[in-house]
$ cat coords_11.txt   # compact mmCIF, N, CA and C atoms
# COMPACT_ATOMS: atom_id res chain seq x y z
N MET A 1 40.81 60.57 149.64
CA MET A 1 39.42 60.73 150.03
C MET A 1 38.58 59.78 149.17
N LEU A 2 37.67 59.10 149.80
CA LEU A 2 36.83 58.14 149.10
C LEU A 2 35.47 58.75 148.77
N TRP A 3 34.85 58.20 147.75
CA TRP A 3 33.56 58.66 147.26
C TRP A 3 32.52 58.74 148.38
N ASP A 4 32.48 57.73 149.23
CA ASP A 4 31.46 57.69 150.28
C ASP A 4 31.64 58.77 151.34
N LEU A 5 32.83 59.37 151.41
CA LEU A 5 33.06 60.45 152.37
C LEU A 5 32.54 61.80 151.87
N LEU A 6 32.23 61.87 150.57
CA LEU A 6 31.71 63.11 150.00
C LEU A 6 30.22 63.22 150.26
N ASP A 7 29.74 64.45 150.49
CA ASP A 7 28.29 64.63 150.59
C ASP A 7 27.72 64.70 149.17
N ASN A 8 26.41 64.71 149.06
CA ASN A 8 25.76 64.67 147.74
C ASN A 8 26.15 65.85 146.86
N ASP A 9 26.30 67.04 147.46
CA ASP A 9 26.69 68.22 146.71
C ASP A 9 28.10 68.06 146.14
N GLU A 10 29.01 67.53 146.95
CA GLU A 10 30.39 67.31 146.48
C GLU A 10 30.43 66.25 145.39
N LYS A 11 29.64 65.20 145.54
CA LYS A 11 29.58 64.15 144.51
C LYS A 11 29.09 64.74 143.18
N ALA A 12 28.06 65.56 143.27
CA ALA A 12 27.50 66.18 142.06
C ALA A 12 28.54 67.09 141.40
N LYS A 13 29.30 67.83 142.19
CA LYS A 13 30.33 68.70 141.63
C LYS A 13 31.42 67.87 140.94
N VAL A 14 31.79 66.74 141.51
CA VAL A 14 32.78 65.86 140.88
C VAL A 14 32.27 65.41 139.51
N ILE A 15 31.00 65.04 139.45
CA ILE A 15 30.43 64.58 138.18
C ILE A 15 30.40 65.71 137.16
N ILE A 16 29.99 66.90 137.58
CA ILE A 16 29.96 68.06 136.67
C ILE A 16 31.37 68.37 136.18
N ARG A 17 32.36 68.35 137.07
CA ARG A 17 33.75 68.62 136.66
C ARG A 17 34.26 67.55 135.70
N THR A 18 33.90 66.30 135.93
CA THR A 18 34.32 65.21 135.06
C THR A 18 33.71 65.38 133.67
N LEU A 19 32.42 65.71 133.61
CA LEU A 19 31.76 65.95 132.32
C LEU A 19 32.37 67.16 131.61
N TYR A 20 32.66 68.20 132.38
CA TYR A 20 33.28 69.40 131.82
C TYR A 20 34.66 69.05 131.24
N HIS A 21 35.43 68.27 131.97
CA HIS A 21 36.74 67.84 131.49
C HIS A 21 36.61 67.13 130.15
N LEU A 22 35.66 66.21 130.06
CA LEU A 22 35.45 65.48 128.81
C LEU A 22 35.06 66.43 127.68
N ALA A 23 34.15 67.35 127.98
CA ALA A 23 33.65 68.27 126.95
C ALA A 23 34.76 69.16 126.39
N LYS A 24 35.70 69.55 127.24
CA LYS A 24 36.72 70.49 126.78
C LYS A 24 37.97 69.82 126.20
N THR A 25 38.01 68.49 126.17
CA THR A 25 39.20 67.81 125.67
C THR A 25 39.48 68.08 124.19
N ASP A 26 38.45 68.40 123.42
CA ASP A 26 38.66 68.67 122.00
C ASP A 26 38.96 70.14 121.73
N GLY A 27 39.17 70.91 122.78
CA GLY A 27 39.59 72.30 122.63
C GLY A 27 38.51 73.34 122.80
N SER A 28 37.25 72.95 122.77
CA SER A 28 36.18 73.92 122.95
C SER A 28 34.93 73.23 123.50
N ILE A 29 34.08 74.04 124.08
CA ILE A 29 32.80 73.53 124.57
C ILE A 29 31.71 74.17 123.72
N THR A 30 30.94 73.32 123.07
CA THR A 30 29.88 73.82 122.21
C THR A 30 28.68 74.22 123.07
N ASP A 31 27.77 74.95 122.47
CA ASP A 31 26.55 75.33 123.17
C ASP A 31 25.78 74.11 123.63
N ILE A 32 25.72 73.08 122.79
CA ILE A 32 24.96 71.88 123.14
C ILE A 32 25.63 71.13 124.30
N GLU A 33 26.96 71.13 124.34
CA GLU A 33 27.66 70.51 125.47
C GLU A 33 27.39 71.29 126.76
N PHE A 34 27.41 72.61 126.66
CA PHE A 34 27.09 73.42 127.83
C PHE A 34 25.65 73.16 128.28
N THR A 35 24.75 73.07 127.33
CA THR A 35 23.34 72.78 127.64
C THR A 35 23.22 71.44 128.36
N TYR A 36 23.98 70.45 127.90
CA TYR A 36 23.94 69.15 128.56
C TYR A 36 24.49 69.25 129.99
N LEU A 37 25.57 70.00 130.18
CA LEU A 37 26.11 70.21 131.53
C LEU A 37 25.06 70.85 132.44
N VAL A 38 24.37 71.84 131.93
CA VAL A 38 23.32 72.52 132.71
C VAL A 38 22.19 71.54 133.01
N HIS A 39 21.81 70.72 132.03
CA HIS A 39 20.76 69.72 132.22
C HIS A 39 21.13 68.76 133.36
N VAL A 40 22.34 68.23 133.31
CA VAL A 40 22.79 67.31 134.36
C VAL A 40 22.86 68.05 135.69
N GLY A 41 23.39 69.27 135.66
CA GLY A 41 23.47 70.06 136.89
C GLY A 41 22.11 70.30 137.52
N LYS A 42 21.11 70.63 136.70
CA LYS A 42 19.76 70.87 137.23
C LYS A 42 19.19 69.61 137.87
N LYS A 43 19.46 68.45 137.26
CA LYS A 43 18.99 67.19 137.84
C LYS A 43 19.63 66.94 139.20
N MET A 44 20.80 67.55 139.43
CA MET A 44 21.51 67.39 140.69
C MET A 44 21.27 68.54 141.65
N GLY A 45 20.38 69.45 141.26
CA GLY A 45 20.01 70.54 142.16
C GLY A 45 20.79 71.83 141.97
N PHE A 46 21.54 71.96 140.88
CA PHE A 46 22.31 73.17 140.63
C PHE A 46 21.59 74.08 139.65
N SER A 47 21.79 75.37 139.83
CA SER A 47 21.29 76.34 138.87
C SER A 47 22.32 76.48 137.75
N ILE A 48 21.94 77.21 136.71
CA ILE A 48 22.86 77.46 135.61
C ILE A 48 24.10 78.22 136.11
N GLU A 49 23.87 79.13 137.05
CA GLU A 49 24.99 79.89 137.62
C GLU A 49 25.91 78.99 138.45
N ASP A 50 25.33 78.03 139.16
CA ASP A 50 26.15 77.07 139.91
C ASP A 50 27.05 76.28 138.97
N VAL A 51 26.48 75.84 137.85
CA VAL A 51 27.26 75.07 136.87
C VAL A 51 28.38 75.95 136.30
N ARG A 52 28.08 77.18 135.98
CA ARG A 52 29.12 78.09 135.48
C ARG A 52 30.22 78.28 136.52
N LYS A 53 29.84 78.42 137.76
CA LYS A 53 30.82 78.61 138.84
C LYS A 53 31.72 77.37 138.95
N ILE A 54 31.13 76.19 138.88
CA ILE A 54 31.92 74.95 138.92
C ILE A 54 32.90 74.93 137.76
N MET A 55 32.44 75.35 136.59
CA MET A 55 33.32 75.38 135.42
C MET A 55 34.45 76.40 135.60
N LEU A 56 34.13 77.57 136.13
CA LEU A 56 35.14 78.61 136.33
C LEU A 56 36.15 78.23 137.40
N GLU A 57 35.72 77.46 138.39
CA GLU A 57 36.62 77.04 139.47
C GLU A 57 37.44 75.81 139.08
N TYR A 58 37.16 75.26 137.93
CA TYR A 58 37.81 74.03 137.49
C TYR A 58 39.31 74.23 137.36
N THR A 59 40.08 73.35 137.96
CA THR A 59 41.53 73.37 137.78
C THR A 59 41.97 72.07 137.13
N GLU A 60 41.56 70.98 137.68
CA GLU A 60 41.84 69.68 137.08
C GLU A 60 40.77 68.70 137.55
N VAL A 61 40.65 67.62 136.84
CA VAL A 61 39.62 66.66 137.17
C VAL A 61 40.00 65.93 138.45
N ASN A 62 39.02 65.74 139.30
CA ASN A 62 39.20 65.00 140.54
C ASN A 62 38.72 63.58 140.28
N GLU A 63 39.62 62.65 140.35
CA GLU A 63 39.26 61.29 139.97
C GLU A 63 38.71 60.47 141.14
N ILE A 64 38.05 61.13 142.04
CA ILE A 64 37.29 60.41 143.05
C ILE A 64 35.99 60.03 142.36
N LEU A 65 35.86 58.77 142.07
CA LEU A 65 34.69 58.30 141.34
C LEU A 65 33.97 57.21 142.14
N PRO A 66 32.69 57.03 141.89
CA PRO A 66 31.93 56.03 142.66
C PRO A 66 32.39 54.61 142.38
N TYR A 67 32.12 53.74 143.34
CA TYR A 67 32.43 52.34 143.12
C TYR A 67 31.20 51.46 143.23
N ASP A 68 30.07 52.02 143.59
CA ASP A 68 28.80 51.30 143.55
C ASP A 68 28.42 51.12 142.08
N GLU A 69 28.00 49.92 141.70
CA GLU A 69 27.76 49.62 140.28
C GLU A 69 26.76 50.57 139.62
N GLN A 70 25.66 50.85 140.29
CA GLN A 70 24.64 51.73 139.70
C GLN A 70 25.18 53.14 139.50
N ASP A 71 25.90 53.65 140.48
CA ASP A 71 26.49 54.99 140.36
C ASP A 71 27.55 55.03 139.26
N ARG A 72 28.37 53.98 139.18
CA ARG A 72 29.39 53.93 138.13
C ARG A 72 28.75 53.91 136.74
N MET A 73 27.69 53.14 136.60
CA MET A 73 26.99 53.05 135.31
C MET A 73 26.35 54.39 134.96
N ASN A 74 25.78 55.06 135.95
CA ASN A 74 25.18 56.38 135.69
C ASN A 74 26.24 57.38 135.20
N VAL A 75 27.40 57.37 135.83
CA VAL A 75 28.47 58.28 135.41
C VAL A 75 28.93 57.93 134.00
N LEU A 76 29.10 56.63 133.72
CA LEU A 76 29.50 56.22 132.37
C LEU A 76 28.47 56.67 131.33
N TYR A 77 27.20 56.49 131.61
CA TYR A 77 26.15 56.94 130.69
C TYR A 77 26.25 58.44 130.45
N GLN A 78 26.42 59.21 131.52
CA GLN A 78 26.51 60.66 131.37
C GLN A 78 27.72 61.05 130.52
N LEU A 79 28.83 60.34 130.73
CA LEU A 79 30.03 60.60 129.93
C LEU A 79 29.78 60.28 128.46
N LEU A 80 29.12 59.16 128.20
CA LEU A 80 28.82 58.78 126.82
C LEU A 80 27.93 59.82 126.15
N PHE A 81 26.90 60.27 126.85
CA PHE A 81 26.00 61.27 126.27
C PHE A 81 26.71 62.62 126.08
N MET A 82 27.62 62.95 127.00
CA MET A 82 28.39 64.19 126.83
C MET A 82 29.30 64.08 125.61
N MET A 83 29.95 62.93 125.46
CA MET A 83 30.85 62.72 124.33
C MET A 83 30.12 62.93 123.00
N ASP A 84 28.87 62.52 122.94
CA ASP A 84 28.12 62.56 121.69
C ASP A 84 27.17 63.76 121.61
N ALA A 85 27.17 64.62 122.62
CA ALA A 85 26.19 65.71 122.67
C ALA A 85 26.24 66.60 121.43
N ASP A 86 27.43 66.92 120.98
CA ASP A 86 27.55 67.82 119.82
C ASP A 86 27.60 67.06 118.49
N LYS A 87 27.33 65.77 118.55
CA LYS A 87 27.29 64.89 117.37
C LYS A 87 28.62 64.88 116.62
N ASN A 88 29.69 65.21 117.33
CA ASN A 88 31.03 65.19 116.76
C ASN A 88 31.95 64.57 117.80
N ILE A 89 32.23 63.29 117.65
CA ILE A 89 33.06 62.59 118.63
C ILE A 89 34.52 62.72 118.21
N ALA A 90 35.25 63.55 118.94
CA ALA A 90 36.66 63.77 118.65
C ALA A 90 37.50 62.65 119.28
N GLU A 91 38.65 62.42 118.69
CA GLU A 91 39.56 61.39 119.19
C GLU A 91 39.94 61.67 120.66
N GLU A 92 40.13 62.93 121.00
CA GLU A 92 40.47 63.30 122.37
C GLU A 92 39.36 62.93 123.34
N GLU A 93 38.12 63.10 122.90
CA GLU A 93 36.98 62.74 123.73
C GLU A 93 36.93 61.23 123.94
N GLU A 94 37.21 60.48 122.89
CA GLU A 94 37.23 59.02 123.02
C GLU A 94 38.30 58.58 124.01
N LYS A 95 39.47 59.18 123.93
CA LYS A 95 40.55 58.84 124.86
C LYS A 95 40.16 59.16 126.29
N ALA A 96 39.56 60.33 126.50
CA ALA A 96 39.14 60.72 127.85
C ALA A 96 38.04 59.80 128.36
N LEU A 97 37.09 59.46 127.51
CA LEU A 97 36.03 58.56 127.92
C LEU A 97 36.60 57.18 128.29
N PHE A 98 37.53 56.72 127.48
CA PHE A 98 38.17 55.43 127.74
C PHE A 98 38.90 55.48 129.10
N HIS A 99 39.61 56.57 129.35
CA HIS A 99 40.31 56.76 130.62
C HIS A 99 39.33 56.67 131.81
N PHE A 100 38.24 57.45 131.72
CA PHE A 100 37.28 57.46 132.82
C PHE A 100 36.56 56.11 132.94
N GLY A 101 36.24 55.50 131.81
CA GLY A 101 35.58 54.20 131.85
C GLY A 101 36.41 53.17 132.58
N LEU A 102 37.72 53.16 132.32
CA LEU A 102 38.62 52.23 133.02
C LEU A 102 38.70 52.59 134.50
N LYS A 103 38.79 53.88 134.81
CA LYS A 103 38.83 54.32 136.21
C LYS A 103 37.55 53.92 136.95
N LEU A 104 36.44 53.89 136.23
CA LEU A 104 35.17 53.47 136.84
C LEU A 104 35.09 51.95 137.00
N GLY A 105 36.04 51.24 136.43
CA GLY A 105 36.09 49.80 136.61
C GLY A 105 35.46 48.98 135.50
N PHE A 106 35.18 49.60 134.36
CA PHE A 106 34.58 48.87 133.25
C PHE A 106 35.67 48.30 132.36
N SER A 107 35.35 47.20 131.70
CA SER A 107 36.34 46.55 130.85
C SER A 107 36.57 47.36 129.58
N GLU A 108 37.74 47.20 129.05
CA GLU A 108 38.13 47.85 127.81
C GLU A 108 37.14 47.51 126.68
N TYR A 109 36.71 46.26 126.63
CA TYR A 109 35.82 45.82 125.56
C TYR A 109 34.42 46.40 125.71
N MET A 110 33.96 46.51 126.95
CA MET A 110 32.64 47.10 127.18
C MET A 110 32.63 48.56 126.74
N ILE A 111 33.68 49.28 127.11
CA ILE A 111 33.78 50.70 126.74
C ILE A 111 33.82 50.84 125.21
N LYS A 112 34.60 49.99 124.56
CA LYS A 112 34.69 50.04 123.10
C LYS A 112 33.33 49.75 122.47
N ASP A 113 32.58 48.80 123.03
CA ASP A 113 31.24 48.50 122.50
C ASP A 113 30.30 49.69 122.66
N PHE A 114 30.35 50.35 123.81
CA PHE A 114 29.52 51.55 124.02
C PHE A 114 29.90 52.64 123.02
N MET A 115 31.19 52.86 122.85
CA MET A 115 31.63 53.88 121.90
C MET A 115 31.15 53.56 120.49
N ALA A 116 31.18 52.29 120.13
CA ALA A 116 30.75 51.88 118.79
C ALA A 116 29.29 52.21 118.54
N ILE A 117 28.41 51.99 119.53
CA ILE A 117 27.00 52.30 119.27
C ILE A 117 26.77 53.80 119.24
N PHE A 118 27.58 54.57 119.98
CA PHE A 118 27.43 56.02 119.92
C PHE A 118 27.99 56.58 118.61
N ARG A 119 28.95 55.90 118.01
CA ARG A 119 29.42 56.32 116.68
C ARG A 119 28.38 55.98 115.62
N LYS A 120 27.67 54.89 115.83
CA LYS A 120 26.70 54.41 114.84
C LYS A 120 25.37 55.17 114.90
N HIS A 121 24.96 55.59 116.09
CA HIS A 121 23.65 56.22 116.29
C HIS A 121 23.79 57.62 116.86
N ASP A 122 22.87 58.48 116.48
CA ASP A 122 22.71 59.76 117.17
C ASP A 122 21.99 59.50 118.48
N ILE A 123 22.13 60.42 119.40
CA ILE A 123 21.45 60.29 120.69
C ILE A 123 19.95 60.12 120.49
N ASP A 124 19.41 60.85 119.51
CA ASP A 124 17.97 60.84 119.28
C ASP A 124 17.44 59.50 118.77
N ASP A 125 18.30 58.71 118.11
CA ASP A 125 17.82 57.43 117.58
C ASP A 125 18.55 56.23 118.19
N LEU A 126 19.18 56.45 119.33
CA LEU A 126 19.90 55.38 120.02
C LEU A 126 18.91 54.38 120.60
N PRO A 127 18.93 53.15 120.12
CA PRO A 127 17.98 52.16 120.65
C PRO A 127 18.36 51.77 122.08
N PRO A 128 17.45 51.93 123.03
CA PRO A 128 17.75 51.61 124.43
C PRO A 128 18.24 50.18 124.62
N GLU A 129 17.71 49.27 123.82
CA GLU A 129 18.12 47.87 123.97
C GLU A 129 19.59 47.67 123.59
N ALA A 130 20.14 48.54 122.76
CA ALA A 130 21.54 48.42 122.37
C ALA A 130 22.45 48.58 123.59
N MET A 131 22.15 49.54 124.43
CA MET A 131 22.94 49.75 125.64
C MET A 131 22.72 48.60 126.63
N LEU A 132 21.48 48.18 126.77
CA LEU A 132 21.19 47.08 127.68
C LEU A 132 21.86 45.79 127.22
N ASP A 133 21.91 45.57 125.93
CA ASP A 133 22.55 44.37 125.40
C ASP A 133 24.04 44.35 125.74
N ILE A 134 24.67 45.50 125.71
CA ILE A 134 26.09 45.56 126.09
C ILE A 134 26.26 45.24 127.56
N ILE A 135 25.41 45.79 128.39
CA ILE A 135 25.49 45.51 129.82
C ILE A 135 25.32 44.02 130.09
N LYS A 136 24.31 43.44 129.46
CA LYS A 136 24.05 42.00 129.65
C LYS A 136 25.23 41.16 129.18
N LYS A 137 25.85 41.57 128.09
CA LYS A 137 26.98 40.83 127.51
C LYS A 137 28.15 40.73 128.51
N TYR A 138 28.36 41.77 129.30
CA TYR A 138 29.52 41.81 130.18
C TYR A 138 29.22 41.48 131.63
N GLN A 139 27.96 41.35 131.98
CA GLN A 139 27.62 40.94 133.35
C GLN A 139 27.78 39.44 133.48
N ASN A 140 28.38 39.04 134.54
CA ASN A 140 28.57 37.59 134.76
C ASN A 140 27.63 37.10 135.83
$ encode --input "coords_11.txt" --output "structure tokens"
Amino acid sequence: MLWDLLDNDEKAKVIIRTLYHLAKTDGSITDIEFTYLVHVGKKMGFSIEDVRKIMLEYTEVNEILPYDEQDRMNVLYQLLFMMDADKNIAEEEEKALFHFGLKLGFSEYMIKDFMAIFRKHDIDDLPPEAMLDIIKKYQN
């Protein structure tokens, strides 16, 4: 099944499940990670109960991911922010982010550069130009 065959609700559920998968790779989901899932879910039209239901129904990650550049970048950003939400980037989270980044079609070096700025900065003090500079560096 391809991304374009999914309706908006199904696409949003795939993204929530993907973020949930990343959040739980280190063995637990912190309150702040759950809060971030709810935040993303609300932006996609889900209630807190909808997000909980998606989490409870989770069996495995569905790797149907977007291939439109803007959608891929949005998913990568959400994954990066989820990885750093609890301000503790575990090795398992880095591996999962790297896996999804490659599946989204981003280069290994671009993903490593994004991870480096998230290791260096907290979400609250992340300079927006740092992320844009990485994008510019890898766009041809």
$ atom_distance --input "coords_11.txt" --atom1 "atom CA of A:Leu97" --atom2 "atom N of A:Met55"
19.2 Å
$ atom_distance --input "coords_11.txt" --atom1 "atom CA of A:Ile54" --atom2 "atom N of A:Phe118"
28.2 Å
$ residues_around --input "coords_11.txt" --residues "stretch 11-19 of chain A" --least-positions-apart "6" --cutoff "7 Å" --atoms "all atoms listed in the file" --output "PyMOL selection string"
chain A and resi 37+41+44+54-55+58+60-62+64+78-79+82
$ residues_around --input "coords_11.txt" --residues "A:Gly105" --least-positions-apart "4" --cutoff "8 Å" --atoms "only N, CA and C atoms" --output "ChimeraX atom specification"
/A:66-67,72,99-101
$ atom_distance --input "coords_11.txt" --atom1 "atom CA of A:Asp68" --atom2 "atom N of A:Ser47"
25.3 Å
$ axis_aligned_box --input "coords_11.txt" --around "stretch 15-30 of chain A" --padding-each-side "4 Å" --output "lines of an AutoDock Vina configuration file"
center_x = 34.1
center_y = 69.4
center_z = 130.6
size_x = 18.9
size_y = 17.6
size_z = 25.7
$ closest_residue --input "coords_11.txt" --among "A:Ile48, A:Leu80, A:Ala23, A:Leu2" --to "A:Arg119" --atoms "only C-alpha atoms"
A:Leu80
$ select_by_dssp --input "coords_11.txt" --residues "stretch 17-107 of chain A" --states "alpha helix (DSSP H)" --output "count of residues only"
59
$ closest_residue --input "coords_11.txt" --among "A:Gln139, A:Leu132, A:Met83, A:Leu126" --to "A:Phe98" --atoms "only C-alpha atoms"
A:Met83
$ residues_around --input "coords_11.txt" --residues "A:Met110" --least-positions-apart "6" --cutoff "8 Å" --atoms "only N, CA and C atoms" --output "list of chain:residue names"
A:Ala116, A:Ile134, A:Ile135, A:Lys137, A:Tyr138
$ decode --input "coords_11.txt" --residues "stretch 54-83 of chain A" --atoms "N, CA and C atoms" --output "JSON list (two decimals), in the first residue's frame"
[["chain", "number", "residue", "atom", "x", "y", "z"],
["A", 54, "ILE", "N", -4.65, 4.79, 19.68],
["A", 54, "ILE", "CA", -3.65, 4.45, 18.68],
["A", 54, "ILE", "C", -2.47, 3.75, 19.35],
["A", 55, "MET", "N", -2.07, 4.25, 20.51],
["A", 55, "MET", "CA", -0.96, 3.64, 21.24],
["A", 55, "MET", "C", -1.33, 2.23, 21.72],
["A", 56, "LEU", "N", -2.54, 2.06, 22.22],
["A", 56, "LEU", "CA", -2.98, 0.75, 22.73],
["A", 56, "LEU", "C", -3.13, -0.26, 21.60],
["A", 57, "GLU", "N", -3.51, 0.20, 20.42],
["A", 57, "GLU", "CA", -3.69, -0.69, 19.27],
["A", 57, "GLU", "C", -2.37, -0.99, 18.57],
["A", 58, "TYR", "N", -1.31, -0.35, 18.99],
["A", 58, "TYR", "CA", -0.01, -0.48, 18.34],
["A", 58, "TYR", "C", 0.47, -1.93, 18.41],
["A", 59, "THR", "N", 0.86, -2.46, 17.28],
["A", 59, "THR", "CA", 1.48, -3.79, 17.26],
["A", 59, "THR", "C", 2.90, -3.67, 16.73],
["A", 60, "GLU", "N", 3.05, -3.04, 15.61],
["A", 60, "GLU", "CA", 4.38, -2.78, 15.06],
["A", 60, "GLU", "C", 4.28, -1.56, 14.16],
["A", 61, "VAL", "N", 5.41, -0.97, 13.89],
["A", 61, "VAL", "CA", 5.41, 0.24, 13.08],
["A", 61, "VAL", "C", 5.10, -0.12, 11.63],
["A", 62, "ASN", "N", 4.28, 0.70, 11.02],
["A", 62, "ASN", "CA", 3.93, 0.55, 9.62],
["A", 62, "ASN", "C", 4.83, 1.49, 8.84],
["A", 63, "GLU", "N", 5.68, 0.94, 8.02],
["A", 63, "GLU", "CA", 6.66, 1.77, 7.34],
["A", 63, "GLU", "C", 6.15, 2.34, 6.02],
["A", 64, "ILE", "N", 4.88, 2.57, 5.94],
["A", 64, "ILE", "CA", 4.35, 3.33, 4.82],
["A", 64, "ILE", "C", 4.63, 4.79, 5.17],
["A", 65, "LEU", "N", 5.56, 5.37, 4.47],
["A", 65, "LEU", "CA", 5.97, 6.74, 4.78],
["A", 65, "LEU", "C", 5.83, 7.60, 3.52],
["A", 66, "PRO", "N", 5.67, 8.90, 3.71],
["A", 66, "PRO", "CA", 5.49, 9.79, 2.55],
["A", 66, "PRO", "C", 6.72, 9.86, 1.67],
["A", 67, "TYR", "N", 6.49, 10.21, 0.42],
["A", 67, "TYR", "CA", 7.63, 10.42, -0.47],
["A", 67, "TYR", "C", 7.67, 11.82, -1.04],
["A", 68, "ASP", "N", 6.67, 12.62, -0.76],
["A", 68, "ASP", "CA", 6.71, 14.04, -1.10],
["A", 68, "ASP", "C", 7.72, 14.72, -0.17],
["A", 69, "GLU", "N", 8.59, 15.56, -0.72],
["A", 69, "GLU", "CA", 9.69, 16.14, 0.06],
["A", 69, "GLU", "C", 9.21, 16.89, 1.30],
["A", 70, "GLN", "N", 8.19, 17.70, 1.17],
["A", 70, "GLN", "CA", 7.70, 18.48, 2.32],
["A", 70, "GLN", "C", 7.15, 17.56, 3.41],
["A", 71, "ASP", "N", 6.40, 16.55, 3.02],
["A", 71, "ASP", "CA", 5.86, 15.60, 4.00],
["A", 71, "ASP", "C", 6.97, 14.80, 4.67],
["A", 72, "ARG", "N", 7.96, 14.38, 3.88],
["A", 72, "ARG", "CA", 9.09, 13.63, 4.45],
["A", 72, "ARG", "C", 9.85, 14.49, 5.46],
["A", 73, "MET", "N", 10.07, 15.75, 5.12],
["A", 73, "MET", "CA", 10.78, 16.66, 6.03],
["A", 73, "MET", "C", 9.97, 16.88, 7.30],
["A", 74, "ASN", "N", 8.66, 17.03, 7.17],
["A", 74, "ASN", "CA", 7.82, 17.21, 8.36],
["A", 74, "ASN", "C", 7.91, 16.00, 9.29],
["A", 75, "VAL", "N", 7.88, 14.80, 8.72],
["A", 75, "VAL", "CA", 7.98, 13.59, 9.54],
["A", 75, "VAL", "C", 9.35, 13.53, 10.21],
["A", 76, "LEU", "N", 10.41, 13.84, 9.46],
["A", 76, "LEU", "CA", 11.75, 13.84, 10.05],
["A", 76, "LEU", "C", 11.84, 14.83, 11.20],
["A", 77, "TYR", "N", 11.31, 16.03, 11.02],
["A", 77, "TYR", "CA", 11.32, 17.03, 12.09],
["A", 77, "TYR", "C", 10.59, 16.50, 13.32],
["A", 78, "GLN", "N", 9.42, 15.91, 13.12],
["A", 78, "GLN", "CA", 8.65, 15.39, 14.25],
["A", 78, "GLN", "C", 9.43, 14.29, 14.97],
["A", 79, "LEU", "N", 10.11, 13.45, 14.20],
["A", 79, "LEU", "CA", 10.92, 12.39, 14.80],
["A", 79, "LEU", "C", 12.08, 12.99, 15.61],
["A", 80, "LEU", "N", 12.72, 14.00, 15.06],
["A", 80, "LEU", "CA", 13.82, 14.65, 15.78],
["A", 80, "LEU", "C", 13.34, 15.27, 17.09],
["A", 81, "PHE", "N", 12.21, 15.96, 17.04],
["A", 81, "PHE", "CA", 11.68, 16.58, 18.25],
["A", 81, "PHE", "C", 11.22, 15.53, 19.27],
["A", 82, "MET", "N", 10.69, 14.41, 18.78],
["A", 82, "MET", "CA", 10.31, 13.33, 19.69],
["A", 82, "MET", "C", 11.55, 12.74, 20.35],
["A", 83, "MET", "N", 12.60, 12.52, 19.56],
["A", 83, "MET", "CA", 13.83, 11.96, 20.08],
["A", 83, "MET", "C", 14.38, 12.80, 21.23]]
